[in-house]
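The file data-v9.cif contains mmCIF, C-alpha atoms:
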```cif
data_structure
loop_
_atom_site.label_atom_id
_atom_site.label_comp_id
_atom_site.auth_asym_id
_atom_site.auth_seq_id
_atom_site.Cartn_x
_atom_site.Cartn_y
_atom_site.Cartn_z
CA MET I 268 -10.50 -1.97 21.83
CA SER I 269 -11.43 -0.38 25.09
CA LYS I 270 -14.80 0.16 26.71
CA CYS I 271 -15.72 3.74 27.54
CA GLY I 272 -19.12 3.98 29.23
CA SER I 273 -21.72 2.46 26.94
CA HIS I 274 -19.67 2.97 23.76
CA ILE I 275 -16.95 0.76 22.40
CA VAL I 276 -13.95 2.84 21.34
CA THR I 277 -11.60 1.32 18.79
CA LYS I 278 -8.05 2.45 18.21
CA ARG I 279 -7.12 4.05 14.90
CA ARG I 280 -6.42 1.44 12.24
CA ASP I 281 -2.86 1.34 11.01
CA VAL I 282 -3.53 -0.99 8.11
CA PRO I 283 -4.51 0.48 4.72
CA TYR I 284 -7.55 -1.51 3.59
CA PRO I 285 -11.24 -0.59 3.29
CA LYS I 286 -13.65 -0.86 6.17
CA ARG I 287 -16.49 -2.02 3.94
CA THR I 288 -16.89 -3.14 0.35
CA LYS I 289 -19.96 -3.48 -1.80
CA TYR I 290 -19.22 -7.14 -2.52
CA ARG I 291 -17.40 -9.59 -0.29
CA LYS I 292 -15.40 -11.39 -3.00
CA TYR I 293 -14.03 -9.85 -6.18
CA ARG I 294 -12.51 -11.41 -9.26
CA LYS I 295 -8.75 -11.52 -9.28
CA GLY I 296 -8.03 -9.66 -12.52
CA ILE I 297 -4.61 -9.29 -14.13
CA CYS I 298 -1.85 -6.72 -13.81
CA ARG I 299 -1.02 -5.05 -17.08
CA ARG I 300 2.62 -4.86 -18.08
CA GLY I 301 2.25 -1.53 -19.89
CA CYS I 302 2.92 1.88 -18.40
CA GLU I 303 0.22 3.63 -16.40
CA THR I 304 -0.84 7.09 -17.53
CA GLY I 305 -2.13 8.39 -14.18
CA GLY I 306 -0.11 8.58 -10.97
CA THR I 307 3.28 8.64 -12.69
CA GLN I 308 4.28 12.19 -11.70
CA LEU I 309 5.12 13.52 -8.24
CA GLY I 310 2.13 15.47 -7.00
CA PHE I 311 2.49 15.84 -3.22
CA GLY I 312 6.19 15.76 -2.38
CA ARG I 313 9.72 16.41 -3.60
CA TYR I 314 10.87 12.78 -3.54
CA GLY I 315 9.23 9.46 -4.27
CA THR I 316 9.56 5.85 -5.33
CA ARG I 317 8.51 4.68 -8.79
CA SER I 318 7.64 1.06 -9.49
CA CYS I 319 9.71 -0.50 -12.27
CA GLY I 320 7.36 -3.38 -12.98
CA ALA I 321 3.69 -4.26 -12.76
CA GLY I 322 2.53 -6.45 -9.92
CA ARG I 323 0.63 -6.70 -6.68
CA ILE I 324 1.47 -5.14 -3.36
CA SER I 325 -0.14 -6.62 -0.26
CA TYR I 326 -1.65 -4.41 2.40
CA ARG I 327 0.87 -5.69 4.93
CA ALA I 328 3.78 -4.68 2.69
CA ILE I 329 2.31 -1.18 2.23
CA GLY I 330 1.94 -0.75 5.99
CA ALA I 331 5.43 -2.09 6.67
CA ALA I 332 6.99 0.24 4.08
CA ARG I 333 5.11 3.22 5.51
CA ARG I 334 6.25 2.41 9.06
CA ALA I 335 9.86 1.95 7.89
CA THR I 336 9.94 5.34 6.17
CA SER I 337 8.26 7.17 9.04
CA GLY I 338 10.75 5.65 11.48
CA GLN I 339 13.58 6.91 9.30
CA PHE I 340 12.23 10.49 9.33
CA ARG I 341 11.85 10.78 13.14
CA ARG I 342 8.72 12.96 12.89
CA ASN I 343 10.34 15.50 10.57
CA GLY I 344 8.88 14.83 7.13
CA GLN I 345 5.60 13.85 5.54
CA ILE I 346 4.84 10.59 3.77
CA ARG I 347 2.05 10.21 1.23
CA VAL I 348 0.92 6.71 0.28
CA ARG I 349 -0.66 6.83 -3.17
CA VAL I 350 -1.70 3.19 -3.53
CA PHE I 351 -4.66 1.68 -1.74
CA ALA I 352 -5.31 -2.02 -1.26
CA ASP I 353 -8.95 -2.50 -2.15
CA PRO I 354 -9.41 -5.85 -4.02
CA PRO I 355 -9.65 -8.73 -1.52
CA ILE I 356 -7.68 -11.93 -2.02
CA THR I 357 -9.42 -15.15 -1.10
CA GLY I 358 -7.98 -18.46 0.02
CA LYS I 359 -9.28 -21.81 1.07
CA PRO I 360 -8.08 -23.44 4.29
CA THR I 361 -5.52 -26.21 4.15
CA GLU I 362 -6.66 -29.80 3.72
CA VAL I 363 -10.03 -28.85 2.23
CA ARG I 364 -11.33 -30.78 -0.77
CA MET I 365 -11.71 -29.20 -4.17
CA GLY I 366 -14.96 -27.52 -5.11
CA LYS I 367 -17.60 -26.12 -2.76
CA GLY I 368 -17.16 -22.55 -3.98
CA LYS I 369 -14.66 -19.77 -3.55
CA GLY I 370 -12.67 -19.35 -0.33
CA ASN I 371 -13.04 -16.63 2.28
CA PRO I 372 -11.19 -13.29 1.99
CA THR I 373 -7.75 -13.56 3.59
CA GLY I 374 -6.06 -10.29 2.64
CA TRP I 375 -6.06 -7.21 0.43
CA ILE I 376 -3.85 -6.17 -2.48
CA ALA I 377 -3.08 -3.04 -4.47
CA ARG I 378 -2.33 -3.30 -8.17
CA ALA I 379 0.80 -1.36 -9.11
CA SER I 380 1.52 -0.62 -12.76
CA THR I 381 4.85 0.20 -14.35
CA GLY I 382 5.78 3.80 -13.67
CA GLN I 383 3.29 4.33 -10.86
CA ILE I 384 4.46 6.19 -7.73
CA PRO I 385 3.39 4.38 -4.54
CA PHE I 386 5.14 6.62 -1.98
CA GLU I 387 5.96 10.33 -1.87
CA MET I 388 8.07 12.15 0.72
CA ASP I 389 8.52 15.80 1.60
CA GLY I 390 10.10 17.93 4.32
CA VAL I 391 13.36 15.98 4.63
CA SER I 392 16.82 16.11 3.11
CA LEU I 393 17.79 14.23 -0.03
CA SER I 394 19.97 11.73 1.83
CA ASP I 395 17.21 10.91 4.36
CA ALA I 396 14.65 10.51 1.57
CA ARG I 397 16.96 8.23 -0.40
CA GLN I 398 17.61 6.08 2.68
CA ALA I 399 13.87 5.88 3.45
CA ALA I 400 13.10 4.92 -0.16
CA THR I 401 15.67 2.12 0.10
CA LEU I 402 14.04 0.85 3.30
CA ALA I 403 10.60 0.98 1.68
CA ALA I 404 11.88 -0.87 -1.40
CA HIS I 405 13.08 -3.74 0.80
CA LYS I 406 9.57 -4.14 2.23
CA LEU I 407 7.81 -4.15 -1.15
CA CYS I 408 7.96 -7.25 -3.32
CA SER I 409 8.42 -5.29 -6.56
CA SER I 410 11.43 -3.38 -7.87
CA THR I 411 11.32 0.39 -7.38
CA LYS I 412 13.40 3.41 -8.31
CA PHE I 413 14.03 6.63 -6.38
CA VAL I 414 12.73 9.77 -8.15
CA GLN I 415 13.26 13.44 -7.37
CA TRP I 416 11.12 16.40 -8.36
CA SER I 417 12.67 18.62 -11.02
CA GLN I 418 11.28 21.83 -12.50
#
```
When written as structure tokens, how does the structure in this file appear?
Amino acid sequence: MSKCGSHIVTKRRDVPYPKRTKYRKYRKGICRRGCETGGTQLGFGRYGTRSCGAGRISYRAIGAARRATSGQFRRNGQIRVRVFADPPITGKPTEVRMGKGKGNPTGWIARASTGQIPFEMDGVSLSDARQAATLAAHKLCSSTKFVQWSQ
């Protein structure tokens, strides 16, 4: 943050989580093992990564995968992130006794279903997109598969 006159100017956030939520703490919920019906087809790019299993992706992993793919492209292609980390994850501090309510929010997660496409790429060659998808898969904690748009 920097001070500019009487206003406080903040730098653009690079982390994909919401600025505000209606409620501070949500329930955890479960990730379904079945296939998702929406978000399973490429809609914005020629290449993408498809998740092979259901699970959670943390907001830090999403940001790290996005930075890894954009570094691979060297300002040539576009990256579209189609998952958004909106449910908060809470945690209690270490060495705190049991009880006394739920812990404070410590991070954010995105729920990824089987067959969902978290990242899409366009404007690059097939080899660059495949390499970027491999780099992104190493950052995510779930198994993914490279997909290509076909008519």
What's the 6 Å shell around region 399-405 of chain I, counting all atoms listed in the file, without same-chain residues fewer than 2 positions away, as a CSV table (one decimal) with C-alpha atoms, in the coordinates of the input?
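Contents of result_0.csv, as written:
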```
chain,number,residue,atom,x,y,z
I,332,ALA,CA,7.0,0.2,4.1
I,336,THR,CA,9.9,5.3,6.2
I,339,GLN,CA,13.6,6.9,9.3
I,396,ALA,CA,14.6,10.5,1.6
I,397,ARG,CA,17.0,8.2,-0.4
I,407,LEU,CA,7.8,-4.2,-1.2
```
Taking the file as I've supplied it (selection: the PyMOL selection byres ((chain I and resi 374) around 10)), which residues are included? Please answer as a list in words.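 So the PyMOL selection byres ((chain I and resi 374) around 10), applied here, picks out Tyr284, Ser325, Tyr326, Arg327, Ala352, Asp353, Pro354, Pro355, Ile356, Thr357, Gly358, Asn371, Pro372, Thr373, Trp375 and Ile376 of chain I.
Residues matched by the PyMOL selection byres ((chain I and resi 390) around 12) in this structure: Phe311, Gly312, Arg313, Tyr314, Ser337, Phe340, Arg341, Arg342, Asn343, Gly344, Gln345, Ile346, Arg347, Glu387, Met388, Asp389, Val391, Ser392, Leu393, Ser394, Asp395 and Ala396 of chain I.
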Set the distance at 8 Å and use all atoms listed in the file: which residues neighbour Cys319 (chain I) once local chain neighbours fewer than 5 positions away are removed? I'd like the list as a ChimeraX atom specification. /I:381-382,409-412
Surrounding residues of Arg349 (chain I) excluding itself and chain neighbours under 6 positions, 7 Å, only C-alpha atoms, as a PDB file with C-alpha atoms, in the frame of the given file:
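result23.pdb was written with the following content:
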```pdb
ATOM      1  CA  ILE I 384       4.460   6.190  -7.730  1.00  0.00           C
ATOM      2  CA  PRO I 385       3.390   4.380  -4.540  1.00  0.00           C
ATOM      3  CA  PHE I 386       5.140   6.620  -1.980  1.00  0.00           C
TER       4      PHE I 386
END
```
Residues near Ala377 (chain I), cut-off 6 Å, only C-alpha atoms, skip fewer than 6 positions along chain, as a VMD selection string: chain I and resid 323 to 324 351 to 352
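The coordinates place CA of Gly320 (chain I) at 18.7 Å from CA of Gln415 (chain I).
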Grab the CA of Arg317 (chain I) to CA of Ala331 (chain I) distance for me, in Å with one decimal place. 17.2 Å
Using all atoms listed in the file, which residue out of I:Ala321, I:Gly330, I:Val348, I:Gly315 lies closest to Gln398 (chain I)?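 For Gln398 (chain I), the nearest of the candidates is I:Gly315.
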Can you work out which one of I:Trp416, I:Cys408, I:Gly370, I:Met365 has the shortest atom-to-atom distance to Gln308 (chain I), counting only C-alpha atoms?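 Closest candidate: I:Trp416.
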What's the separation between CA of Lys367 (chain I) and CA of Arg287 (chain I), in Å to one decimal place? 25.0 Å
Hey, which of I:Gly338, I:Tyr293, I:Thr316, I:Arg300 ends up closest to Phe413 (chain I)? Count all atoms listed in the file.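 For Phe413 (chain I), the nearest of the candidates is I:Thr316.
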Using only C-alpha atoms for the distances, tell me which of I:Val363, I:Gly368, I:Ser380, I:Val350 is nearest to Ile297 (chain I).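 The answer is I:Ser380, which sits nearest to Ile297 (chain I).
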Enclose the full set of atoms of region 284-301 of chain I listed in the file within a box whose edges lie along x, y and z, apply 8 Å of padding to each of the six sides, and report centre and edge lengths in Å to one decimal as lines of an AutoDock Vina configuration file.
```
center_x = -8.7
center_y = -6.1
center_z = -6.9
size_x = 38.6
size_y = 26.9
size_z = 42.1
```
Fix up region 311-322 of chain I with all heavy atoms, then write it as a PDB file, keeping the file's coordinate frame.
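Result file is out.pdb:
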```pdb
ATOM      1  N   PHE I 311       2.637  15.397  -4.602  1.00  0.00           N
ATOM      2  CA  PHE I 311       2.490  15.840  -3.220  1.00  0.00           C
ATOM      3  C   PHE I 311       3.810  16.066  -2.498  1.00  0.00           C
ATOM      4  O   PHE I 311       3.817  16.595  -1.407  1.00  0.00           O
ATOM      5  CB  PHE I 311       1.666  14.816  -2.425  1.00  0.00           C
ATOM      6  CG  PHE I 311       0.316  14.574  -3.009  1.00  0.00           C
ATOM      7  CD1 PHE I 311       0.074  13.456  -3.789  1.00  0.00           C
ATOM      8  CD2 PHE I 311      -0.718  15.465  -2.800  1.00  0.00           C
ATOM      9  CE1 PHE I 311      -1.170  13.225  -4.326  1.00  0.00           C
ATOM     10  CE2 PHE I 311      -1.969  15.240  -3.343  1.00  0.00           C
ATOM     11  CZ  PHE I 311      -2.188  14.115  -4.105  1.00  0.00           C
ATOM     12  N   GLY I 312       4.918  15.636  -3.070  1.00  0.00           N
ATOM     13  CA  GLY I 312       6.190  15.760  -2.380  1.00  0.00           C
ATOM     14  C   GLY I 312       7.338  15.990  -3.346  1.00  0.00           C
ATOM     15  O   GLY I 312       7.164  15.990  -4.565  1.00  0.00           O
ATOM     16  N   ARG I 313       8.529  16.165  -2.792  1.00  0.00           N
ATOM     17  CA  ARG I 313       9.720  16.410  -3.600  1.00  0.00           C
ATOM     18  C   ARG I 313      10.412  15.121  -4.018  1.00  0.00           C
ATOM     19  O   ARG I 313      11.139  15.099  -5.005  1.00  0.00           O
ATOM     20  CB  ARG I 313      10.696  17.289  -2.839  1.00  0.00           C
ATOM     21  CG  ARG I 313      10.160  18.678  -2.586  1.00  0.00           C
ATOM     22  CD  ARG I 313      11.151  19.519  -1.847  1.00  0.00           C
ATOM     23  NE  ARG I 313      12.356  19.670  -2.656  1.00  0.00           N
ATOM     24  CZ  ARG I 313      13.517  20.076  -2.180  1.00  0.00           C
ATOM     25  NH1 ARG I 313      13.645  20.360  -0.900  1.00  0.00           N
ATOM     26  NH2 ARG I 313      14.561  20.199  -2.970  1.00  0.00           N
ATOM     27  N   TYR I 314      10.217  14.043  -3.249  1.00  0.00           N
ATOM     28  CA  TYR I 314      10.870  12.780  -3.540  1.00  0.00           C
ATOM     29  C   TYR I 314       9.825  11.673  -3.561  1.00  0.00           C
ATOM     30  O   TYR I 314       8.755  11.799  -2.973  1.00  0.00           O
ATOM     31  CB  TYR I 314      11.928  12.447  -2.474  1.00  0.00           C
ATOM     32  CG  TYR I 314      12.841  13.594  -2.153  1.00  0.00           C
ATOM     33  CD1 TYR I 314      12.715  14.283  -0.954  1.00  0.00           C
ATOM     34  CD2 TYR I 314      13.820  13.990  -3.045  1.00  0.00           C
ATOM     35  CE1 TYR I 314      13.551  15.339  -0.656  1.00  0.00           C
ATOM     36  CE2 TYR I 314      14.660  15.044  -2.754  1.00  0.00           C
ATOM     37  CZ  TYR I 314      14.517  15.725  -1.561  1.00  0.00           C
ATOM     38  OH  TYR I 314      15.334  16.773  -1.277  1.00  0.00           O
ATOM     39  N   GLY I 315      10.159  10.572  -4.225  1.00  0.00           N
ATOM     40  CA  GLY I 315       9.230   9.460  -4.270  1.00  0.00           C
ATOM     41  C   GLY I 315       9.894   8.192  -4.757  1.00  0.00           C
ATOM     42  O   GLY I 315      11.072   8.172  -5.110  1.00  0.00           O
ATOM     43  N   THR I 316       9.104   7.124  -4.789  1.00  0.00           N
ATOM     44  CA  THR I 316       9.560   5.850  -5.330  1.00  0.00           C
ATOM     45  C   THR I 316       8.660   5.495  -6.504  1.00  0.00           C
ATOM     46  O   THR I 316       7.439   5.627  -6.413  1.00  0.00           O
ATOM     47  CB  THR I 316       9.493   4.730  -4.282  1.00  0.00           C
ATOM     48  OG1 THR I 316       8.165   4.619  -3.808  1.00  0.00           O
ATOM     49  CG2 THR I 316      10.419   5.010  -3.126  1.00  0.00           C
ATOM     50  N   ARG I 317       9.260   5.055  -7.582  1.00  0.00           N
ATOM     51  CA  ARG I 317       8.510   4.680  -8.790  1.00  0.00           C
ATOM     52  C   ARG I 317       8.675   3.184  -9.004  1.00  0.00           C
ATOM     53  O   ARG I 317       9.788   2.656  -8.924  1.00  0.00           O
ATOM     54  CB  ARG I 317       9.046   5.455  -9.989  1.00  0.00           C
ATOM     55  CG  ARG I 317       8.416   5.037 -11.297  1.00  0.00           C
ATOM     56  CD  ARG I 317       8.880   5.903 -12.427  1.00  0.00           C
ATOM     57  NE  ARG I 317       8.148   7.152 -12.356  1.00  0.00           N
ATOM     58  CZ  ARG I 317       8.622   8.329 -12.730  1.00  0.00           C
ATOM     59  NH1 ARG I 317       9.834   8.423 -13.206  1.00  0.00           N
ATOM     60  NH2 ARG I 317       7.888   9.414 -12.640  1.00  0.00           N
ATOM     61  N   SER I 318       7.574   2.497  -9.270  1.00  0.00           N
ATOM     62  CA  SER I 318       7.640   1.060  -9.490  1.00  0.00           C
ATOM     63  C   SER I 318       8.180   0.788 -10.893  1.00  0.00           C
ATOM     64  O   SER I 318       7.788   1.436 -11.855  1.00  0.00           O
ATOM     65  CB  SER I 318       6.269   0.417  -9.309  1.00  0.00           C
ATOM     66  OG  SER I 318       5.381   0.876 -10.292  1.00  0.00           O
ATOM     67  N   CYS I 319       9.076  -0.170 -10.990  1.00  0.00           N
ATOM     68  CA  CYS I 319       9.710  -0.500 -12.270  1.00  0.00           C
ATOM     69  C   CYS I 319       8.985  -1.618 -13.002  1.00  0.00           C
ATOM     70  O   CYS I 319       9.251  -1.854 -14.172  1.00  0.00           O
ATOM     71  CB  CYS I 319      11.158  -0.897 -12.046  1.00  0.00           C
ATOM     72  SG  CYS I 319      12.169   0.449 -11.430  1.00  0.00           S
ATOM     73  N   GLY I 320       8.091  -2.305 -12.344  1.00  0.00           N
ATOM     74  CA  GLY I 320       7.360  -3.380 -12.980  1.00  0.00           C
ATOM     75  C   GLY I 320       5.947  -3.467 -12.435  1.00  0.00           C
ATOM     76  O   GLY I 320       5.648  -2.963 -11.360  1.00  0.00           O
ATOM     77  N   ALA I 321       5.071  -4.090 -13.201  1.00  0.00           N
ATOM     78  CA  ALA I 321       3.690  -4.260 -12.760  1.00  0.00           C
ATOM     79  C   ALA I 321       3.596  -5.445 -11.820  1.00  0.00           C
ATOM     80  O   ALA I 321       4.327  -6.420 -11.957  1.00  0.00           O
ATOM     81  CB  ALA I 321       2.778  -4.469 -13.969  1.00  0.00           C
ATOM     82  N   GLY I 322       2.706  -5.351 -10.856  1.00  0.00           N
ATOM     83  CA  GLY I 322       2.530  -6.450  -9.920  1.00  0.00           C
ATOM     84  C   GLY I 322       1.543  -6.088  -8.832  1.00  0.00           C
ATOM     85  O   GLY I 322       0.840  -5.090  -8.909  1.00  0.00           O
TER      86      GLY I 322
END
```
